[in-house]
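Data block for input.txt (compact mmCIF, C-alpha atoms):
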```txt
# COMPACT_ATOMS: atom_id res chain seq x y z
CA MET A 14 45.63 -216.10 106.61
CA ASP A 15 46.85 -216.21 103.03
CA GLN A 16 50.05 -214.17 102.63
CA GLN A 17 51.30 -212.79 99.31
CA ASN A 18 54.67 -211.15 98.78
CA PHE A 19 55.42 -208.38 96.26
CA ASP A 20 57.99 -205.70 95.66
CA ILE A 21 55.39 -202.91 95.58
CA ILE A 22 51.84 -202.57 96.86
CA ILE A 23 49.76 -199.78 95.35
CA LEU A 24 46.59 -198.59 97.05
CA GLY A 25 44.05 -197.37 94.50
CA ALA A 26 43.35 -198.31 90.88
CA GLY A 27 42.73 -194.79 89.66
CA ALA A 28 44.80 -192.76 87.22
CA ALA A 29 47.81 -192.17 89.50
CA GLY A 30 47.87 -195.67 90.99
CA LEU A 31 47.66 -197.45 87.64
CA MET A 32 50.35 -195.23 86.13
CA ALA A 33 52.65 -195.96 89.08
CA ALA A 34 51.96 -199.67 88.65
CA ILE A 35 52.72 -199.57 84.93
CA GLU A 36 56.04 -197.77 85.37
CA ALA A 37 57.11 -200.04 88.23
CA GLY A 38 56.04 -203.20 86.38
CA ARG A 39 58.05 -202.17 83.34
CA ARG A 40 61.12 -202.20 85.58
CA GLY A 41 60.48 -205.82 86.42
CA ARG A 42 59.07 -205.09 89.84
CA ARG A 43 56.41 -207.44 91.23
CA VAL A 44 53.42 -205.14 91.68
CA VAL A 45 49.94 -205.57 93.12
CA VAL A 46 47.23 -202.89 93.02
CA LEU A 47 44.54 -203.09 95.71
CA GLU A 48 41.27 -201.31 94.85
CA HIS A 49 38.32 -201.24 97.24
CA ALA A 50 35.77 -200.66 94.44
CA GLU A 51 34.52 -203.49 92.27
CA ARG A 52 36.15 -202.09 89.13
CA PRO A 53 39.22 -199.98 88.34
CA GLY A 54 39.15 -196.39 87.14
CA LYS A 55 35.64 -195.45 88.30
CA LYS A 56 36.43 -191.74 88.47
CA ILE A 57 38.14 -191.89 85.06
CA LEU A 58 34.93 -193.25 83.56
CA ILE A 59 32.80 -190.26 84.59
CA SER A 60 35.38 -187.61 83.70
CA GLY A 61 34.95 -185.22 80.83
CA GLY A 62 31.28 -186.06 80.40
CA GLY A 63 32.26 -189.69 79.83
CA ARG A 64 34.97 -188.87 77.28
CA CYS A 65 37.85 -188.27 79.72
CA ASN A 66 39.70 -184.97 79.51
CA PHE A 67 42.90 -186.97 79.83
CA THR A 68 45.43 -184.12 79.72
CA ASN A 69 46.01 -180.51 78.74
CA ILE A 70 48.72 -179.58 76.25
CA HIS A 71 49.40 -176.35 78.18
CA ALA A 72 50.07 -178.06 81.53
CA ARG A 73 52.59 -176.00 83.51
CA PRO A 74 53.34 -175.68 87.21
CA GLU A 75 51.35 -172.43 87.38
CA ASN A 76 48.20 -174.43 86.57
CA PHE A 77 48.44 -176.13 89.97
CA LEU A 78 47.54 -175.03 93.47
CA SER A 79 49.68 -176.12 96.42
CA ALA A 80 51.14 -174.76 99.64
CA ASN A 81 54.43 -175.24 97.76
CA PRO A 82 53.84 -173.97 94.21
CA HIS A 83 57.25 -175.29 93.09
CA PHE A 84 56.70 -178.89 94.16
CA ALA A 85 55.07 -180.11 90.93
CA ILE A 86 57.79 -178.77 88.63
CA SER A 87 60.04 -181.85 88.64
CA ALA A 88 57.38 -184.52 88.07
CA LEU A 89 55.59 -182.49 85.39
CA ALA A 90 58.85 -181.95 83.53
CA ARG A 91 59.71 -185.66 83.51
CA TYR A 92 56.30 -186.91 82.37
CA THR A 93 54.69 -184.45 79.99
CA PRO A 94 51.38 -184.26 78.12
CA ALA A 95 53.28 -185.40 75.02
CA ASP A 96 54.29 -188.59 76.84
CA PHE A 97 50.69 -189.50 77.61
CA ILE A 98 49.52 -188.50 74.14
CA ALA A 99 52.10 -190.89 72.69
CA LEU A 100 50.69 -193.67 74.87
CA VAL A 101 47.14 -192.85 73.76
CA GLU A 102 48.16 -192.93 70.11
CA ARG A 103 50.08 -196.17 70.55
CA HIS A 104 46.79 -197.73 71.61
CA GLY A 105 45.02 -196.32 68.56
CA ILE A 106 42.71 -194.06 70.56
CA ALA A 107 41.36 -191.16 68.53
CA TRP A 108 41.28 -187.85 70.38
CA HIS A 109 40.48 -184.21 69.83
CA GLU A 110 41.31 -180.85 71.37
CA LYS A 111 38.57 -178.67 72.77
CA THR A 112 39.08 -175.16 74.10
CA LEU A 113 42.18 -174.05 75.98
CA GLY A 114 44.29 -177.15 75.22
CA GLN A 115 41.88 -179.71 76.70
CA LEU A 116 42.24 -183.17 75.12
CA PHE A 117 39.35 -185.68 75.05
CA CYS A 118 38.77 -189.15 73.63
CA ASP A 119 36.65 -189.18 70.48
CA GLY A 120 35.03 -192.31 71.88
CA SER A 121 34.65 -192.85 75.60
CA ALA A 122 36.59 -192.71 78.85
CA GLN A 123 36.49 -196.52 78.90
CA GLN A 124 39.26 -196.39 76.28
CA ILE A 125 41.62 -194.80 78.81
CA VAL A 126 40.77 -197.41 81.45
CA ASP A 127 41.30 -200.17 78.86
CA LEU A 128 44.66 -198.62 77.92
CA LEU A 129 45.82 -198.57 81.54
CA MET A 130 44.66 -202.11 82.20
CA ALA A 131 46.34 -203.37 79.02
CA GLU A 132 49.61 -201.73 80.05
CA CYS A 133 49.29 -203.25 83.53
CA ALA A 134 48.79 -206.69 81.99
CA ARG A 135 51.80 -206.18 79.73
CA ALA A 136 53.90 -205.26 82.78
CA ALA A 137 52.61 -208.30 84.73
CA VAL A 138 50.88 -206.09 87.29
CA GLN A 139 48.14 -207.72 89.35
CA VAL A 140 45.07 -205.51 89.85
CA LEU A 141 42.76 -206.81 92.58
CA THR A 142 39.36 -205.15 93.00
CA GLY A 143 36.92 -205.36 95.90
CA LYS A 144 39.83 -205.28 98.36
CA THR A 145 39.12 -203.07 101.36
CA VAL A 146 42.26 -202.63 103.43
CA SER A 147 41.66 -203.02 107.15
CA GLU A 148 45.23 -202.72 108.42
CA VAL A 149 48.49 -201.11 107.33
CA ARG A 150 51.69 -201.66 109.28
CA ARG A 151 55.43 -201.36 108.76
CA ASP A 152 58.15 -203.47 110.31
CA ASP A 153 60.71 -201.02 111.66
CA SER A 154 63.57 -203.52 111.45
CA SER A 155 63.02 -204.77 107.88
CA GLY A 156 61.19 -201.72 106.52
CA GLU A 157 58.56 -203.99 104.97
CA PHE A 158 54.92 -203.01 104.75
CA THR A 159 52.09 -205.44 105.45
CA LEU A 160 48.51 -204.74 104.45
CA VAL A 161 45.51 -206.85 105.42
CA ALA A 162 42.58 -206.91 102.99
CA GLY A 163 39.76 -209.38 102.48
CA GLY A 164 41.19 -212.15 104.61
CA ALA A 165 44.63 -211.98 102.99
CA SER A 166 47.84 -210.16 103.84
CA PHE A 167 50.12 -208.50 101.33
CA THR A 168 53.76 -207.71 102.05
CA ALA A 169 56.17 -205.49 100.11
CA SER A 170 59.15 -203.26 100.61
CA ALA A 171 57.35 -200.29 99.03
CA LEU A 172 53.83 -198.89 99.44
CA VAL A 173 52.35 -196.33 97.04
CA VAL A 174 49.21 -194.57 98.31
CA ALA A 175 47.04 -193.44 95.40
CA THR A 176 43.66 -193.40 97.10
CA GLY A 177 42.45 -190.02 95.80
CA GLY A 178 40.69 -187.34 97.81
CA LEU A 179 37.29 -186.78 99.37
CA SER A 180 35.48 -185.58 96.25
CA ILE A 181 32.48 -187.47 94.83
CA PRO A 182 31.92 -189.89 97.72
CA ARG A 183 29.20 -191.71 95.74
CA MET A 184 32.06 -193.04 93.60
CA GLY A 185 33.68 -194.53 96.69
CA ALA A 186 35.94 -191.66 97.76
CA THR A 187 37.17 -191.90 101.35
CA GLY A 188 39.78 -190.27 103.55
CA PHE A 189 41.77 -193.50 103.87
CA GLY A 190 44.91 -192.07 102.27
CA TYR A 191 44.99 -189.25 104.81
CA ASP A 192 44.57 -191.81 107.60
CA VAL A 193 47.64 -193.68 106.33
CA ALA A 194 49.59 -190.42 106.19
CA ARG A 195 48.64 -189.57 109.77
CA GLN A 196 49.53 -193.08 110.91
CA PHE A 197 53.10 -192.47 109.75
CA GLY A 198 53.27 -188.95 111.13
CA LEU A 199 52.95 -187.00 107.88
CA PRO A 200 51.43 -183.50 108.02
CA ILE A 201 48.18 -182.83 106.14
CA GLU A 202 47.33 -179.50 104.54
CA PRO A 203 43.67 -178.64 105.31
CA CYS A 204 41.36 -180.24 102.74
CA ARG A 205 38.45 -178.52 101.01
CA PRO A 206 36.25 -179.07 97.96
CA ALA A 207 37.72 -177.65 94.74
CA LEU A 208 36.43 -177.25 91.19
CA VAL A 209 33.00 -177.01 92.79
CA PRO A 210 29.86 -174.88 92.27
CA LEU A 211 29.32 -171.97 94.66
CA LEU A 212 26.18 -171.21 96.63
CA LEU A 213 24.32 -167.92 96.98
CA ALA A 214 22.08 -167.07 99.91
CA GLY A 215 19.57 -164.45 100.96
CA ALA A 216 18.92 -161.49 98.69
CA GLU A 217 21.61 -162.45 96.18
CA ARG A 218 20.11 -165.89 95.70
CA ASP A 219 16.64 -164.38 95.35
CA GLN A 220 17.88 -161.97 92.70
CA PHE A 221 19.21 -164.69 90.40
CA VAL A 222 17.56 -168.02 91.28
CA ASP A 223 15.04 -167.81 88.44
CA LEU A 224 17.90 -167.42 85.93
CA ALA A 225 18.92 -171.07 86.46
CA GLY A 226 20.25 -172.39 83.16
CA VAL A 227 21.36 -168.98 81.86
CA SER A 228 25.09 -168.70 81.10
CA ALA A 229 27.43 -166.00 79.87
CA PRO A 230 31.17 -165.59 79.20
CA VAL A 231 32.71 -163.51 81.97
CA VAL A 232 35.94 -162.55 83.65
CA LEU A 233 35.71 -163.81 87.22
CA ARG A 234 38.03 -162.66 89.99
CA ALA A 235 38.72 -163.73 93.56
CA GLY A 236 41.70 -162.18 95.27
CA LYS A 237 44.58 -162.08 92.80
CA ARG A 238 43.16 -164.85 90.57
CA SER A 239 41.01 -164.34 87.49
CA PHE A 240 39.54 -166.67 84.85
CA THR A 241 37.88 -165.88 81.53
CA GLU A 242 35.29 -168.56 80.83
CA LYS A 243 31.54 -169.15 80.98
CA MET A 244 29.53 -168.79 84.17
CA LEU A 245 26.21 -170.58 84.72
CA PHE A 246 23.37 -169.72 87.08
CA THR A 247 21.88 -172.65 89.02
CA HIS A 248 18.94 -173.07 91.35
CA ARG A 249 21.35 -172.86 94.28
CA GLY A 250 23.93 -170.37 93.04
CA LEU A 251 26.66 -170.36 90.43
CA SER A 252 28.51 -172.94 88.32
CA GLY A 253 30.14 -173.27 84.90
CA PRO A 254 33.86 -173.39 84.07
CA ALA A 255 34.65 -169.91 85.42
CA ILE A 256 33.09 -170.68 88.80
CA LEU A 257 34.69 -174.12 89.06
CA GLN A 258 38.08 -172.56 88.36
CA ILE A 259 37.75 -169.74 90.87
CA SER A 260 36.31 -172.05 93.55
CA SER A 261 39.72 -173.64 94.08
CA TYR A 262 41.10 -170.25 95.15
CA TRP A 263 38.03 -168.66 96.77
CA GLN A 264 37.91 -168.53 100.56
CA ARG A 265 34.82 -167.63 102.58
CA PRO A 266 33.85 -164.80 103.27
CA GLU A 267 35.69 -163.38 100.27
CA ALA A 268 33.61 -161.73 97.55
CA ILE A 269 33.95 -162.57 93.88
CA SER A 270 33.99 -159.93 91.15
CA ILE A 271 32.34 -160.45 87.76
CA ASP A 272 33.01 -158.56 84.54
CA TRP A 273 29.86 -159.28 82.53
CA ALA A 274 31.32 -158.12 79.22
CA PRO A 275 35.11 -158.26 79.04
CA ALA A 276 36.63 -155.62 76.75
CA GLN A 277 33.17 -154.26 75.82
CA ARG A 278 31.59 -150.92 76.69
CA LEU A 279 28.06 -152.07 77.28
CA LEU A 280 26.48 -148.63 77.33
CA ALA A 281 28.42 -147.07 74.46
CA ALA A 282 25.24 -146.75 72.36
CA LEU A 283 23.72 -144.46 74.95
CA ARG A 284 26.65 -142.05 74.64
CA ALA A 285 26.13 -141.47 70.91
CA PRO A 286 24.87 -138.02 69.79
CA ASN A 287 21.07 -137.73 70.11
CA ALA A 288 20.83 -141.24 71.60
CA ARG A 289 17.90 -141.99 73.88
CA ARG A 290 18.86 -142.43 77.49
CA ASP A 291 16.34 -144.48 79.38
CA LEU A 292 15.86 -147.92 80.86
CA LEU A 293 14.57 -149.48 77.64
CA SER A 294 17.57 -148.18 75.69
CA ALA A 295 19.95 -149.45 78.34
CA LYS A 296 18.34 -152.90 78.30
CA ALA A 297 18.59 -153.00 74.51
CA ALA A 298 22.30 -152.15 74.74
CA LEU A 299 22.97 -154.89 77.29
CA ARG A 300 20.89 -157.43 75.37
CA SER A 301 23.24 -157.00 72.39
CA GLU A 302 26.04 -158.53 74.50
CA LEU A 303 24.30 -160.61 77.19
CA PRO A 304 21.41 -163.09 77.39
CA ALA A 305 18.20 -161.03 77.45
CA ARG A 306 16.99 -162.28 80.84
CA LEU A 307 20.36 -161.57 82.44
CA ALA A 308 20.59 -158.11 80.85
CA ASP A 309 17.15 -157.20 82.13
CA ARG A 310 17.84 -158.55 85.61
CA LEU A 311 21.09 -156.62 86.03
CA LEU A 312 19.34 -153.37 85.17
CA ASP A 313 16.43 -154.21 87.42
CA ILE A 314 18.94 -154.46 90.27
CA VAL A 315 21.02 -151.35 89.51
CA GLN A 316 18.69 -148.86 87.81
CA PRO A 317 20.45 -145.50 87.81
CA ALA A 318 18.73 -142.56 89.48
CA SER A 319 19.46 -140.43 86.41
CA TRP A 320 20.88 -140.79 82.89
CA THR A 321 23.71 -138.27 83.15
CA ASN A 322 27.20 -139.04 81.88
CA HIS A 323 28.32 -139.55 85.45
CA ALA A 324 25.50 -142.01 86.14
CA LEU A 325 26.26 -143.94 82.94
CA ASP A 326 29.94 -144.12 83.86
CA GLU A 327 29.08 -145.46 87.30
CA LEU A 328 26.69 -148.07 85.82
CA GLU A 329 29.32 -149.15 83.30
CA ARG A 330 31.86 -149.53 86.10
CA ARG A 331 29.43 -151.60 88.15
CA LEU A 332 28.73 -153.95 85.23
CA HIS A 333 32.45 -154.66 84.86
CA ALA A 334 33.02 -155.16 88.59
CA TRP A 335 29.83 -156.76 89.87
CA THR A 336 30.37 -158.29 93.31
CA LEU A 337 28.68 -161.31 94.82
CA ASN A 338 29.31 -162.94 98.19
CA PRO A 339 29.02 -166.73 97.95
CA SER A 340 27.76 -168.38 101.12
CA GLY A 341 29.74 -171.57 100.53
CA THR A 342 30.27 -174.41 98.07
CA GLU A 343 28.20 -177.45 97.10
CA GLY A 344 30.72 -179.58 98.96
CA TYR A 345 32.52 -182.79 98.15
CA GLU A 346 29.39 -184.30 96.56
CA LYS A 347 29.76 -181.93 93.60
CA ALA A 348 33.50 -181.17 93.80
CA GLU A 349 35.60 -182.60 91.00
CA VAL A 350 38.71 -182.70 93.19
CA THR A 351 39.98 -182.12 96.72
CA ALA A 352 42.36 -179.25 97.43
CA GLY A 353 44.89 -179.74 100.20
CA GLY A 354 46.12 -183.16 101.29
CA VAL A 355 49.41 -184.78 102.23
CA SER A 356 51.88 -181.96 102.69
CA THR A 357 54.58 -181.74 100.05
CA THR A 358 57.07 -180.84 102.80
CA ALA A 359 57.04 -184.54 103.69
CA LEU A 360 57.70 -185.80 100.15
CA SER A 361 60.50 -185.84 97.59
CA ALA A 362 59.52 -183.80 94.54
CA GLN A 363 61.52 -186.17 92.33
CA THR A 364 60.12 -189.50 93.56
CA MET A 365 57.03 -188.79 95.74
CA GLU A 366 58.69 -190.83 98.52
CA CYS A 367 58.26 -189.79 102.14
CA ARG A 368 61.42 -188.23 103.47
CA ASN A 369 61.11 -189.86 106.90
CA VAL A 370 59.48 -193.18 105.94
CA PRO A 371 61.59 -194.99 103.32
CA GLY A 372 59.49 -196.98 100.86
CA LEU A 373 56.26 -195.02 101.44
CA TYR A 374 54.97 -192.93 98.52
CA PHE A 375 51.95 -190.69 97.94
CA VAL A 376 50.72 -189.76 94.46
CA GLY A 377 47.81 -188.08 92.71
CA GLU A 378 44.92 -186.27 94.38
CA VAL A 379 45.80 -187.38 97.92
CA VAL A 380 48.83 -185.04 97.70
CA ASP A 381 48.54 -181.27 98.22
CA VAL A 382 48.73 -180.52 94.48
CA THR A 383 45.48 -179.54 92.78
CA GLY A 384 45.14 -178.77 89.10
CA GLN A 385 42.88 -176.25 87.46
CA LEU A 386 39.92 -177.38 85.34
CA GLY A 387 40.70 -178.86 81.95
CA GLY A 388 42.80 -182.03 82.20
CA PHE A 389 45.45 -180.73 84.57
CA ASN A 390 44.54 -183.09 87.41
CA PHE A 391 44.91 -186.08 85.10
CA GLN A 392 48.34 -184.80 84.04
CA TRP A 393 49.34 -184.57 87.71
CA ALA A 394 48.11 -188.13 88.21
CA TRP A 395 50.19 -189.42 85.28
CA ALA A 396 53.27 -187.39 86.26
CA SER A 397 53.26 -188.13 89.99
CA GLY A 398 52.39 -191.79 89.39
CA ALA A 399 55.22 -192.13 86.90
CA ALA A 400 57.67 -190.50 89.33
CA ALA A 401 56.84 -193.00 92.06
CA GLY A 402 56.70 -195.99 89.71
CA ARG A 403 60.15 -195.23 88.36
CA SER A 404 61.59 -195.05 91.87
CA ALA A 405 59.77 -197.53 94.11
```

Encoding of this model in C-alpha cells:
Amino acid sequence: MDQQNFDIIILGAGAAGLMAAIEAGRRGRRVVVLEHAERPGKKILISGGGRCNFTNIHARPENFLSANPHFAISALARYTPADFIALVERHGIAWHEKTLGQLFCDGSAQQIVDLLMAECARAAVQVLTGKTVSEVRRDDSSGEFTLVAGGASFTASALVVATGGLSIPRMGATGFGYDVARQFGLPIEPCRPALVPLLLAGAERDQFVDLAGVSAPVVLRAGKRSFTEKMLFTHRGLSGPAILQISSYWQRPEAISIDWAPAQRLLAALRAPNARRDLLSAKAALRSELPARLADRLLDIVQPASWTNHALDELERRLHAWTLNPSGTEGYEKAEVTAGGVSTTALSAQTMECRNVPGLYFVGEVVDVTGQLGGFNFQWAWASGAAAGRSA
C-alpha cells in the first residue's frame, strides 16, 4: 500500500477544511486535504442561491446556537468578517450587501471556491478528491494518525476533521465526522436539522395549504426567541427566512407565535367614528397590510361573533399572537445546517483541538456551533478553520 507522510491531514474540502489547510500551509506545514466527493466546495457552490452568502458583517457570538454559548467567542474574535472580506477583495471578487448585513458575490459561488483553491495552491496544500476514508487510527506511542483511503495510507501528527454535518445528503453529507469523534471517546450533542422548513398537519395544514407561495413579513416567536423576517406558506407547511431562523430553536411539541403585522393596528379603521363594522370592512382593513388571500383566510378562521369593541380588541390580539403547532421539520434533506454535533466541552475554544486527544481537531459544522441564517455559518467555518490551521 502506498504510504504518504504529512504534518497535517484534513478531512473535508469544504469551507472550514480549506480555511484550516490554507492557514496551516502558510505556516510551512505539509498539508493534505482528503475529500470524498469528486470536487471541492460542493456545498459552497449551492449556497446563497449560487452566489454564496460568504459572511455577515454583524457576526457576533449571540448569532450562534450551542450548548455552550460562549465557546465561539474566541475564534470569532480572532478571525472576523473583515478578515474574510479582505481576502475576497484581494482576489478581486466583487460583492454586495443584502439585508441584515448579508454579503454575497456579485458573480457566483464558484469565485469563493476558486479563491480557496488558489490560496491552497499558494500554500502548497494538496487537495485530493474522490478519497473515501475507510480507516482512521492513532498510534498511542507516537501520537501519529494514519488514514486509509483509496488504496493509500496517509500519516500525520495532526488530524483536522471538517466533514460537515448531516444536512443535504444529496450533496454527499454523512455522519463520518461524528463516527471519528465517537471512536476517540468524544461526546456528541444530539443532532437535528436546523435552518429548515416546518411542517403543518391536520386542520392547520388544511387551513393554509392552498396559500402555498404567499409570503408576508412577520414577527415569529418560539420560546424566548423571535425573528422579524418574511414567512412563506408551502404545500407542506411553512418556510421563508423567519421560519428557517426559528427552526433552529423550535422543539416539538412547542407552538410558534406569529405577529402578522408588527407595530400595526390592523383593525384601527373599524374603530373610527361612524365606521362600518362587518366582515367586509375587516377584510378590507387587513388587505391594506397583508396579501389579500392571507387576509381573507385569517378572517375566515377567526370571524368574531360580534363587532363590539371587546370583540375587535380580542381579534386584534389574536392577529398579533396567532399560534400554530408544527408537526415537525422537512428533515436533513431540506435543512441548510445541522444543529448539535461534537461537544464543545471536549475542545479548546482557542484552537479547536481535543483536550484528551492531542493532535485531533474538529472544525465547522461538525462541531456543536450553529449559526443563524445569513452568512453566519460561513463565518464560523472561516473562524474555526483558521483557529485550527494556526495551531495544528

Near Gln277 (chain A), counting all atoms listed in the file, which residues have an atom at most 10 Å away, once you skip same-chain residues fewer than 4 positions from it, shown as a PDB file with C-alpha atoms, keeping the file's coordinate frame?
```pdb
ATOM      1  CA  ASP A 272      33.010-158.560  84.540  1.00  0.00           C
ATOM      2  CA  TRP A 273      29.860-159.280  82.530  1.00  0.00           C
ATOM      3  CA  ALA A 281      28.420-147.070  74.460  1.00  0.00           C
ATOM      4  CA  GLU A 302      26.040-158.530  74.500  1.00  0.00           C
ATOM      5  CA  GLU A 329      29.320-149.150  83.300  1.00  0.00           C
ATOM      6  CA  HIS A 333      32.450-154.660  84.860  1.00  0.00           C
TER       7      HIS A 333
END
```

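Take CA of Ala131 (chain A) and CA of Phe189 (chain A): the distance between them is 27.1 Å.
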
- Message: Could you list, as a PyMOL selection string, every residue within 12 Å of Ala194 (chain A), counting all atoms listed in the file and ignoring same-chain residues fewer than 5 positions away?
- Response: chain A and resi 149-150+172-176+188-189+199-202+354-357+359-360+366-367+369-370+373-376+379-380

- Non-local contacts of region 44-50 of chain A (8 Å; all atoms listed in the file; under 6 positions in same chain excluded) as a count of residues only: 24

- Task: Find the residue from A:Leu89, A:Leu257, A:Ala80, A:Ala400 that sits nearest to Glu343 (chain A); use only C-alpha atoms when measuring.
- Result: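 Selected residue with least distance to Glu343 (chain A): A:Leu257.
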
- Query: Quick one, how far is CA of Gly190 (chain A) from CA of Thr159 (chain A)?
  - Reply: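 Computing it gives 15.5 Å between the two atoms.
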
- Task: Return the single residue from A:Gln392, A:Ser228, A:Ser319, A:Thr364 that is closest to Tyr92 (chain A), with distances computed using all atoms listed in the file.
- Result: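 Looking only at the distances to Tyr92 (chain A), the closest residue turns out to be A:Gln392.
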
- region 106-118 of chain A environment, 12 Å, all atoms listed in the file, sequence neighbours closer than 2 positions dropped, as a count of residues only: 48

- Interatomic distance between CA of Asp313 (chain A) and CA of Asp219 (chain A)?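 For CA of Asp313 (chain A) relative to CA of Asp219 (chain A), the distance reads 12.9 Å.
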
- Message: Given all atoms listed in the file as the basis, pick out the residue of A:Ala276, A:Ala362, A:Leu332, A:Ile256 nearest to Arg234 (chain A).
- Response: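 Distance minimum relative to Arg234 (chain A) lands on A:Ile256.
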
Ile269 (chain A) surroundings by all atoms listed in the file, 9 Å radius, close-in-sequence under 2 positions cut, as a compact mmCIF listing (two decimals) with C-alpha atoms, keeping the file's coordinate frame:
```
# COMPACT_ATOMS: atom_id res chain seq x y z
CA LEU A 233 35.71 -163.81 87.22
CA ARG A 234 38.03 -162.66 89.99
CA ALA A 235 38.72 -163.73 93.56
CA GLY A 236 41.70 -162.18 95.27
CA ILE A 259 37.75 -169.74 90.87
CA TRP A 263 38.03 -168.66 96.77
CA GLU A 267 35.69 -163.38 100.27
CA ILE A 271 32.34 -160.45 87.76
CA TRP A 335 29.83 -156.76 89.87
CA THR A 336 30.37 -158.29 93.31
CA LEU A 337 28.68 -161.31 94.82
CA ASN A 338 29.31 -162.94 98.19
CA PRO A 339 29.02 -166.73 97.95
```

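If you measure from each of A:Ala295, A:Leu179, A:Trp320, A:Gly384 to Ser260 (chain A) using only C-alpha atoms, the closest one turns out to be A:Gly384.
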
Draw an axis-aligned box tight on the listed atoms of region 324-329 of chain A, then pad every side by 8 Å and write out centre and edge lengths in Å to one decimal as JSON.
```
{"center_x": 27.7, "center_y": -145.6, "center_z": 85.1, "size_x": 20.4, "size_y": 23.1, "size_z": 20.4}
```

Please reconstruct the missing atoms of region 234-247 of chain A (target: N, CA, C and O atoms) and return them as a PDB file, in the coordinates of the input.
```
ATOM      1  N   ARG A 234      36.865-162.909  89.147  1.00  0.00           N
ATOM      2  CA  ARG A 234      38.030-162.660  89.990  1.00  0.00           C
ATOM      3  C   ARG A 234      37.734-162.992  91.441  1.00  0.00           C
ATOM      4  O   ARG A 234      36.635-162.748  91.931  1.00  0.00           O
ATOM      5  N   ALA A 235      38.738-163.550  92.101  1.00  0.00           N
ATOM      6  CA  ALA A 235      38.720-163.730  93.560  1.00  0.00           C
ATOM      7  C   ALA A 235      40.148-163.503  94.025  1.00  0.00           C
ATOM      8  O   ALA A 235      41.070-164.223  93.609  1.00  0.00           O
ATOM      9  N   GLY A 236      40.337-162.509  94.865  1.00  0.00           N
ATOM     10  CA  GLY A 236      41.700-162.180  95.270  1.00  0.00           C
ATOM     11  C   GLY A 236      42.529-161.781  94.067  1.00  0.00           C
ATOM     12  O   GLY A 236      42.128-160.947  93.256  1.00  0.00           O
ATOM     13  N   LYS A 237      43.688-162.404  93.913  1.00  0.00           N
ATOM     14  CA  LYS A 237      44.580-162.080  92.800  1.00  0.00           C
ATOM     15  C   LYS A 237      44.343-162.960  91.578  1.00  0.00           C
ATOM     16  O   LYS A 237      45.019-162.802  90.555  1.00  0.00           O
ATOM     17  N   ARG A 238      43.394-163.902  91.652  1.00  0.00           N
ATOM     18  CA  ARG A 238      43.160-164.850  90.570  1.00  0.00           C
ATOM     19  C   ARG A 238      41.997-164.402  89.693  1.00  0.00           C
ATOM     20  O   ARG A 238      41.001-163.874  90.180  1.00  0.00           O
ATOM     21  N   SER A 239      42.121-164.620  88.402  1.00  0.00           N
ATOM     22  CA  SER A 239      41.010-164.340  87.490  1.00  0.00           C
ATOM     23  C   SER A 239      40.973-165.411  86.410  1.00  0.00           C
ATOM     24  O   SER A 239      42.009-165.975  86.033  1.00  0.00           O
ATOM     25  N   PHE A 240      39.753-165.700  85.917  1.00  0.00           N
ATOM     26  CA  PHE A 240      39.540-166.670  84.850  1.00  0.00           C
ATOM     27  C   PHE A 240      38.527-166.112  83.873  1.00  0.00           C
ATOM     28  O   PHE A 240      37.543-165.487  84.273  1.00  0.00           O
ATOM     29  N   THR A 241      38.782-166.330  82.587  1.00  0.00           N
ATOM     30  CA  THR A 241      37.880-165.880  81.530  1.00  0.00           C
ATOM     31  C   THR A 241      37.234-167.101  80.898  1.00  0.00           C
ATOM     32  O   THR A 241      37.828-167.762  80.044  1.00  0.00           O
ATOM     33  N   GLU A 242      36.039-167.421  81.354  1.00  0.00           N
ATOM     34  CA  GLU A 242      35.290-168.560  80.830  1.00  0.00           C
ATOM     35  C   GLU A 242      33.808-168.329  81.089  1.00  0.00           C
ATOM     36  O   GLU A 242      33.416-167.269  81.577  1.00  0.00           O
ATOM     37  N   LYS A 243      32.974-169.307  80.788  1.00  0.00           N
ATOM     38  CA  LYS A 243      31.540-169.150  80.980  1.00  0.00           C
ATOM     39  C   LYS A 243      31.147-169.377  82.444  1.00  0.00           C
ATOM     40  O   LYS A 243      31.723-170.211  83.127  1.00  0.00           O
ATOM     41  N   MET A 244      30.135-168.616  82.857  1.00  0.00           N
ATOM     42  CA  MET A 244      29.530-168.790  84.170  1.00  0.00           C
ATOM     43  C   MET A 244      28.065-169.172  83.983  1.00  0.00           C
ATOM     44  O   MET A 244      27.408-168.667  83.066  1.00  0.00           O
ATOM     45  N   LEU A 245      27.573-170.061  84.831  1.00  0.00           N
ATOM     46  CA  LEU A 245      26.210-170.580  84.720  1.00  0.00           C
ATOM     47  C   LEU A 245      25.455-170.343  86.023  1.00  0.00           C
ATOM     48  O   LEU A 245      25.962-170.632  87.103  1.00  0.00           O
ATOM     49  N   PHE A 246      24.232-169.829  85.909  1.00  0.00           N
ATOM     50  CA  PHE A 246      23.370-169.720  87.080  1.00  0.00           C
ATOM     51  C   PHE A 246      22.694-171.062  87.334  1.00  0.00           C
ATOM     52  O   PHE A 246      22.300-171.765  86.397  1.00  0.00           O
ATOM     53  N   THR A 247      22.563-171.418  88.622  1.00  0.00           N
ATOM     54  CA  THR A 247      21.880-172.650  89.020  1.00  0.00           C
ATOM     55  C   THR A 247      20.774-172.301  90.002  1.00  0.00           C
ATOM     56  O   THR A 247      20.639-171.146  90.425  1.00  0.00           O
TER      57      THR A 247
END
```
